[in-house]
Amino acid sequence: MTAASSLSSELRSFLASESARIARDFAVTGDGRAAIAQRTRLVEDILKRLWQELVSGSSHGPQDVALVATGGFGRGWLFPYSDIDLLFLHADRSGEEIHKEAIRQFSQGLWDLKFKLGPASRTLAECDRFDPNNTEFTISLLDCRYLAGDRDLFERLQDKLIPKLVVRESKVLLRGLAEVTRERHGKFGHTVFHLEPNLKETPGGLRDYNVACWLALISSMGQLREWPEASLLRAPVRRQLDAALEFLMAARCFLHFRNARDDNALSWEAQDEAAARKIGATNATDLTAADWMRIYFGHARAIQRTVMQLLDEIPEAWSSLRRQLQGWRLRPSNANFSVVDGLIFLQQASSLQDPEMLLRLFHFMALHGLKLSASTEHRIEQSLPALAVTPPRGAELWLYLQETLLQPHAAEALRAMHSLRLLTLLLPELKPIDSLVVRDFYHRFTVDEHSILAIESLHRLKQSHSEWDKRYAELLGELEDPELLYLALLLHDTGKGVPGNNHVEASVEIADRCLDRLNVDPGERAMVLFLVGNHLEMSAQLRRDIFNPETVAAFAEKVGTPERLKMLCLLTYADIKAVNPEALTPWKAENVWQLYISAANYLNRSADQRVHGDAGDDKLTRLRSLAPVTSAKFKEFVEGFPHRYLLVHSAEEVMRHMAMAEEFGHDRVQVDLKRGRHWYELTLVTKDRPSLFATLTGVLAAWGMNIVKANAFSNQAGTVVDSLYFTDRFRTLELNMSEWQRFKESITAVLAGAADLDRMLRDRQRGEKQAKVKVMVETRIDFDDVCSSTSTLLQVIAQDRPRLLHRISSCLSSQDCNIEIALIDTEGQMAIDAFYLTSRGKKLTADHQKRVAGSLVEELKSLELGG
Amino acid sequence: MTKVEAVIQNSKLEAVKSALQEIGVEGMTVIEVRGHGRQKGHTEVYRGREYSVDLIPKTKLEVVLADAMVEKAVQAIMGAARTGKIGDGKIFLTRVDESIRIRNEERGEGAL
């Protein structure tokens with residue numbers, strides 16, 4: 001016994017001195033691989049000495065029992081504070097009995113040395129018995145290594161048993177491994193970009209590296225039926241992975257030594273220290289923590305990509321969704337791309353020499369939500385250097401980018417572009433936020449991932465079933481230019497990559513440069529800059545009393561128009577949702593919604609605030625300088641228009657209206673017709689007269705046009721600017737160029753009294769069939785006498801039908817009401833119309849309102865019955 | 001030891017936090033809550049649909065203090081949170097049996 005205890009103390013001091021030496025060496029060299037190799041050898045030596053002493057003095061003895069290293073120890077990777085995985089392999093049960101005592105003493109000796117063991121004891125037959133609930137044990141056998149004892153027994157395990165077992169069970173093993181991996185990825189949001197990653201468990205970490213090796217090994221063993229000679233992975237991929245492994249080994253050793261235990265979390269303090277000591281990057285110049293993390297993310301990305309590719313390419317590892325797509329040649333395959341088994345391939349290898357093809361590829365990806373095959377990714381990487389010399393830019397790039405952003409799987413395409421380094425090539429403005437760690441306790445992800453996740457949150461709205469998400473989803477469906485919102489989300493935090501305190505201002509500057517480079521239209525540019533510049537505004541309001549009318553008014557005034565309000569509301573939703581999975585609590589969602597509807601209602605009620613022609617505000621001053629008319633004429637034109645007129649129309653549009661008004665000498669009715677993105681736009685500039693709006697809407701109804709949106713404004717001098725946005729139900733204008741002129745002439749003729757509108761309408765009505773009502777909308781008629789000092793606000797909500805607007809406005813005319821302002825909107829089958837009315841220059845009396853309401857109800861009812 | 005729970009307006013949180021910090025209170029817990037007292041809820045009509053909020057969003061603050069500090073803290077909270085209108089909120093005091101610091105197992109008032 002004394003021999004044993006003296007051996008024990010000898011080993012203890014040997015262990016202590018050697019461990020200290022390894023730690024000292026690492027502190028100097030930062031070489032993780034060397035440190036773990038040394039520790040592995042150290043532990044092996046000790047194990048062998050103890051084995052000789054306590055179990056069997058002869059080499060390769062005793063018979064029928066072997067000491068085997070498995071798991072990390074078997075791989076030769078023993079990190080400073082990792083568990084030591086051992087297998088006591090017995091030939092059979094009786095052998096186990098014989099050696100039981102010796103092994104107990106052996107284990108006791110190891111515990112005395114304070115080794116943390118992960119011991120297992122099995123007979124050879126038991127190793128062969130595969131338990132689908134314990135795939136971990138079988139996988140740990142893949143890394144087995146002989147330490148001491150019966151060599152023959154070990155070789156029977158390694159050379160015969162394991163290959164046979166793997167071949168037999170490869171499907172289940174691969175599936176199990178894939179499932180466990182996907183589950184773990186799910187816990188970490190399927191992203192490598194965590195602010196404080198766990199080196200072992202986070203996607204792209206050491207566990208993923210091992211998974212990649214196992215997947216490759218099991219799948220090739222399954223085919224070769226023996227241990228493979230070479231690796232499944234291609235040489236350039238191997239090199240990338242080796243570099244990544246070096247880095248992670250150094251980083252994990254660093255953490256173990258620092259924390260004096262098996263703690264693999266890269267906290268911010270650890271990141272600071274690692275950067276200062278240049279862990280894993282000994283040749284680098286001075287590194288900040290953010291720089292160091294970028295290196296980490298680069299390696300993690302490489303590992304994650306390899307794992308994901310293997311999971312995609314090994315059939316047994318496919319997710320259940322993929323299995324459904326197996327063997328399909330999807331119809332989306334076109335002349336350029338083919339889809340096989342859910343992966344995208346290029347029809348022609350050389351096609352990527354054309355940059356446009358690259359953009360089309362990602363659009364295709366975003367549309368269908370498919371992944372790129374490894375060969376396609378490889379080709380893309382090869383085409384990048386040439387692309388960098390002449391990158392696509394300007395309007396062409398913006399066109400493709402818009403279309404891609406609008407597709408349901410845009411976020412996945414953006415992530416793929418980003419991981420292939422293509423996104424920062426096309427949009428260099430994103431470089432400063434690439435893999436950027438910004439430290440605050442709220443955000444979970446890096447800035448670039450956060451921005452892409454925000455875009456994804458909006459696309460996901462359409463499938464969500466939660467009550468709140470449905471409301472926001474409705475708003476999303478109402479947007480005229482959602483691509484501007486997505487672009488704003490992509491750019492909104494770019495300012496965080498620039499030193500300074502105010503990232504909002506910085507983001508606006510950077511966004512401006514980007515919009516310039518993409519040649520975006522001035523009107524659209526203004527919208528994106530507005531969103532980026534005010535992206536924190538709604539959250540800020542939540543800290544105030546959102547039920548206080550003054551708070552709402554101030555906020556609504558700042559936003560200015562309903563369209564901007566909707567965009568800002570959705571931007572806020574997406575921004576909060578992408579901070580971390582719990583950030584958008586029902587409390588927040590409700591408050592943001594509450595603020596939205598209060599502000600929306602305020603905007604509707606506050607449209608009747610008039611412009612004064614000589615006011616000094618920025619917008620007016622800018623317009624005045626652009627106007628091609630004298631400043632007296634300018635003042636005369638803008639005086640008396642509601643502020644809303646200037647907000648809803650761009651400077652160019654206002655200039656055009658002014659120019660049209662100048663032509664009154666030649667033609668008292670000025671009509672402009674053009675085809676817009678979503679609708680046709682009709683602009684009418686003329687002098688006001690009774691029933692003007694009703695007549696105009698009547699002509700459109702008679703031509704079978706469906707008015708979707710409209711704005712009617714008038715100024716002090718009685719000049720009216722009516723803008724109607726409509727869809728052409730019978731494709732009259734689309735298919736017949738000559739009809740454009742006839743249509744315009746028809747309007748002028750009716751207004752001049754030279755054509756019979758009533759007859760035109762009757763003719764139309766005879767052929768009209770009642771449209772199917774999908775969603776019943778209840779009629780609501782509300783008067784508001786308070787919001788404007790000079791007119792009465794009437795809000796009508798009704799079932800959208802052909803000729804609805806004409807009927808309502810005619811009814812108002814016949815009831816002796818003058819429409820000062822009309823704000824018309826349609827959402828699905830719901831018409832939402834707001835009219836600011838006066839009667840003989842004054843607000844409507846209570847009695848008058850009652851009469852108008854009654855008349856409207858009758859009119860709408862008769863319309864419903866087909867009258 | 002006494003737990004001071006205060007339900008206050010969202011817009012008053014910063015002011016109350018500052019007021020408490022000024023008198024030397026160093027720790028607190030803040031929770032987002034909804035509720036109502038006599039302050040009536042709010043109904044907004046949007047696009048023809050009614051959205052009624054009868055549980056109004058508020059902020060709840062919790063601090064556990066040595067008895068000697070309690071009155072000062074109550075005064076500080078009231079001073080910072082009051083507007084004089086219905087909806088200002090309420091403060092509740094309850095006795096706390098024990099307080100323990102997780103890091104080093106310290107107990108009693110020293111652990112506050």
# chains A, B, ... in the order shown; residues from 1 in each chain; ligands from 1

call {"tool": "closest_atom_pairs", "arguments": {"of": "chain B", "to": "chain A", "cutoff": "9 Å", "atoms": "only C-alpha atoms", "output": "JSON lines"}}
result
{"residue": "B:Gln9", "atom": "CA", "partner": "A:Asp545", "partner_atom": "CA", "distance": 7.5}
{"residue": "B:Asn10", "atom": "CA", "partner": "A:Arg543", "partner_atom": "CA", "distance": 5.7}
{"residue": "B:Ser11", "atom": "CA", "partner": "A:Arg544", "partner_atom": "CA", "distance": 4.3}
{"residue": "B:Lys12", "atom": "CA", "partner": "A:Arg544", "partner_atom": "CA", "distance": 8.0}
{"residue": "B:Leu13", "atom": "CA", "partner": "A:Arg543", "partner_atom": "CA", "distance": 8.1}
{"residue": "B:Glu14", "atom": "CA", "partner": "A:Arg543", "partner_atom": "CA", "distance": 8.9}
{"residue": "B:Glu32", "atom": "CA", "partner": "A:Trp587", "partner_atom": "CA", "distance": 7.2}
{"residue": "B:Val33", "atom": "CA", "partner": "A:Trp587", "partner_atom": "CA", "distance": 7.5}
{"residue": "B:Arg34", "atom": "CA", "partner": "A:Trp587", "partner_atom": "CA", "distance": 7.8}
{"residue": "B:His42", "atom": "CA", "partner": "A:Phe547", "partner_atom": "CA", "distance": 8.0}
{"residue": "B:Glu44", "atom": "CA", "partner": "A:Ser598", "partner_atom": "CA", "distance": 7.1}
{"residue": "B:Val45", "atom": "CA", "partner": "A:Ile597", "partner_atom": "CA", "distance": 8.1}
{"residue": "B:Tyr46", "atom": "CA", "partner": "A:Ile597", "partner_atom": "CA", "distance": 6.2}
{"residue": "B:Arg47", "atom": "CA", "partner": "A:Ile832", "partner_atom": "CA", "distance": 7.0}
{"residue": "B:Gly48", "atom": "CA", "partner": "A:Ile797", "partner_atom": "CA", "distance": 6.4}
{"residue": "B:Tyr51", "atom": "CA", "partner": "A:Gln594", "partner_atom": "CA", "distance": 8.4}
{"residue": "B:Val53", "atom": "CA", "partner": "A:Gln594", "partner_atom": "CA", "distance": 8.7}
{"residue": "B:Pro57", "atom": "CA", "partner": "A:Trp587", "partner_atom": "CA", "distance": 7.2}

call {"tool": "write_last_selection", "arguments": {"atoms": "C-alpha atoms", "output": "JSON list (two decimals), in the first residue's frame"}}
result
[["chain", "number", "residue", "atom", "x", "y", "z"],
["B", 9, "GLN", "CA", -46.91, 56.30, -14.91],
["B", 10, "ASN", "CA", -44.41, 55.17, -17.55],
["B", 11, "SER", "CA", -43.38, 58.75, -18.17],
["B", 12, "LYS", "CA", -42.33, 59.16, -14.53],
["B", 13, "LEU", "CA", -39.87, 56.28, -14.33],
["B", 14, "GLU", "CA", -36.73, 58.31, -15.00],
["B", 32, "GLU", "CA", -43.74, 46.53, -17.13],
["B", 33, "VAL", "CA", -47.33, 46.00, -16.02],
["B", 34, "ARG", "CA", -50.89, 46.80, -17.00],
["B", 42, "HIS", "CA", -59.42, 54.27, -23.36],
["B", 44, "GLU", "CA", -59.92, 54.37, -29.89],
["B", 45, "VAL", "CA", -61.75, 53.81, -33.15],
["B", 46, "TYR", "CA", -59.53, 52.97, -36.10],
["B", 47, "ARG", "CA", -60.84, 52.06, -39.54],
["B", 48, "GLY", "CA", -64.26, 51.43, -38.15],
["B", 51, "TYR", "CA", -59.77, 49.10, -29.84],
["B", 53, "VAL", "CA", -57.70, 49.44, -23.59],
["B", 57, "PRO", "CA", -49.77, 50.18, -19.33]]

call {"tool": "select_by_dssp", "arguments": {"residues": "chain B", "states": "strand (DSSP E)", "output": "NGL selection string"}}
result
:B and (2-8 or 29-35 or 42-46 or 49-53 or 56-65 or 89-95)

call {"tool": "residues_around", "arguments": {"residues": "Asp88 (chain B)", "least_positions_apart": "6", "cutoff": "8 Å", "atoms": "only C-alpha atoms", "output": "PyMOL selection string"}}
result
chain B and resi 8-9+81-82

call {"tool": "residues_around", "arguments": {"residues": "Leu20 (chain B)", "least_positions_apart": "4", "cutoff": "12 Å", "atoms": "only C-alpha atoms", "output": "list in words"}}
result
Val4, Leu13, Glu14, Ala15, Val16, Gly24, Val25, Glu26, Gly27, Met28, Leu61, Glu62, Val63, Leu65, Met69, Val70, Glu71, Lys72, Ala73, Val74, Gln75, Ala76, Ile77, Met78, Gly79, Ala80 and Ala81 of chain B

call {"tool": "write_last_selection", "arguments": {"atoms": "N, CA and C atoms", "output": "short mmCIF file (atom, residue, chain, number, x, y, z; two decimals), in the first residue's frame"}}
result
data_model
loop_
_atom_site.label_atom_id
_atom_site.label_comp_id
_atom_site.auth_asym_id
_atom_site.auth_seq_id
_atom_site.Cartn_x
_atom_site.Cartn_y
_atom_site.Cartn_z
N VAL B 4 -41.04 48.17 -0.70
CA VAL B 4 -41.82 49.28 -1.20
C VAL B 4 -42.17 48.98 -2.66
N LEU B 13 -40.88 57.23 -14.80
CA LEU B 13 -39.87 56.28 -14.33
C LEU B 13 -38.52 56.95 -14.13
N GLU B 14 -38.06 57.70 -15.13
CA GLU B 14 -36.73 58.31 -15.00
C GLU B 14 -36.66 59.22 -13.79
N ALA B 15 -37.70 60.02 -13.60
CA ALA B 15 -37.71 60.97 -12.48
C ALA B 15 -37.67 60.23 -11.14
N VAL B 16 -38.45 59.15 -11.03
CA VAL B 16 -38.48 58.42 -9.77
C VAL B 16 -37.14 57.74 -9.52
N GLY B 24 -29.92 57.80 -1.92
CA GLY B 24 -29.02 56.72 -1.55
C GLY B 24 -29.56 55.32 -1.76
N VAL B 25 -30.67 55.18 -2.44
CA VAL B 25 -31.18 53.83 -2.73
C VAL B 25 -30.41 53.30 -3.94
N GLU B 26 -29.77 52.12 -3.77
CA GLU B 26 -28.88 51.68 -4.84
C GLU B 26 -29.40 50.53 -5.70
N GLY B 27 -30.46 49.88 -5.27
CA GLY B 27 -30.94 48.76 -6.08
C GLY B 27 -32.45 48.82 -6.22
N MET B 28 -32.94 48.41 -7.39
CA MET B 28 -34.40 48.36 -7.55
C MET B 28 -34.74 47.38 -8.67
N LEU B 61 -42.30 49.58 -9.69
CA LEU B 61 -40.95 49.66 -9.13
C LEU B 61 -40.97 48.92 -7.81
N GLU B 62 -39.94 48.09 -7.55
CA GLU B 62 -39.87 47.43 -6.26
C GLU B 62 -38.52 47.67 -5.63
N VAL B 63 -38.51 48.10 -4.37
CA VAL B 63 -37.24 48.20 -3.62
C VAL B 63 -37.46 47.63 -2.24
N LEU B 65 -35.98 47.91 1.54
CA LEU B 65 -35.14 48.87 2.26
C LEU B 65 -35.13 48.59 3.77
N MET B 69 -35.05 53.79 6.19
CA MET B 69 -35.04 54.50 4.90
C MET B 69 -36.43 54.66 4.30
N VAL B 70 -37.39 53.86 4.80
CA VAL B 70 -38.65 53.72 4.06
C VAL B 70 -39.39 55.04 3.85
N GLU B 71 -39.52 55.81 4.92
CA GLU B 71 -40.32 57.04 4.75
C GLU B 71 -39.70 57.99 3.76
N LYS B 72 -38.34 58.10 3.85
CA LYS B 72 -37.66 58.98 2.89
C LYS B 72 -37.92 58.52 1.46
N ALA B 73 -37.87 57.20 1.25
CA ALA B 73 -38.07 56.67 -0.10
C ALA B 73 -39.48 56.95 -0.58
N VAL B 74 -40.46 56.75 0.31
CA VAL B 74 -41.85 56.99 -0.07
C VAL B 74 -42.04 58.45 -0.50
N GLN B 75 -41.46 59.35 0.29
CA GLN B 75 -41.58 60.77 -0.06
C GLN B 75 -40.91 61.07 -1.39
N ALA B 76 -39.76 60.46 -1.61
CA ALA B 76 -39.05 60.71 -2.87
C ALA B 76 -39.89 60.24 -4.05
N ILE B 77 -40.48 59.04 -3.92
CA ILE B 77 -41.29 58.50 -5.02
C ILE B 77 -42.48 59.41 -5.28
N MET B 78 -43.17 59.77 -4.21
CA MET B 78 -44.36 60.59 -4.41
C MET B 78 -44.01 61.92 -5.06
N GLY B 79 -42.95 62.52 -4.56
CA GLY B 79 -42.56 63.82 -5.12
C GLY B 79 -42.29 63.74 -6.62
N ALA B 80 -41.62 62.67 -7.02
CA ALA B 80 -41.24 62.58 -8.44
C ALA B 80 -42.37 62.12 -9.33
N ALA B 81 -43.30 61.30 -8.79
CA ALA B 81 -44.31 60.68 -9.64
C ALA B 81 -45.61 61.45 -9.71
#

call {"tool": "select_by_dssp", "arguments": {"residues": "chain B", "states": "alpha helix (DSSP H)", "output": "NGL selection string"}}
result
:B and (13-22 or 67-81)

call {"tool": "residues_around", "arguments": {"residues": "region 687-696 of chain A", "least_positions_apart": "4", "cutoff": "9 Å", "atoms": "only C-alpha atoms", "output": "JSON, numbers by chain"}}
result
{"A": [664, 668, 669, 700, 701, 712, 714, 717, 718, 719, 720, 721, 722, 747, 750, 751, 757, 805, 806, 807, 808, 809, 810, 811, 812, 813, 814, 818, 819, 822]}
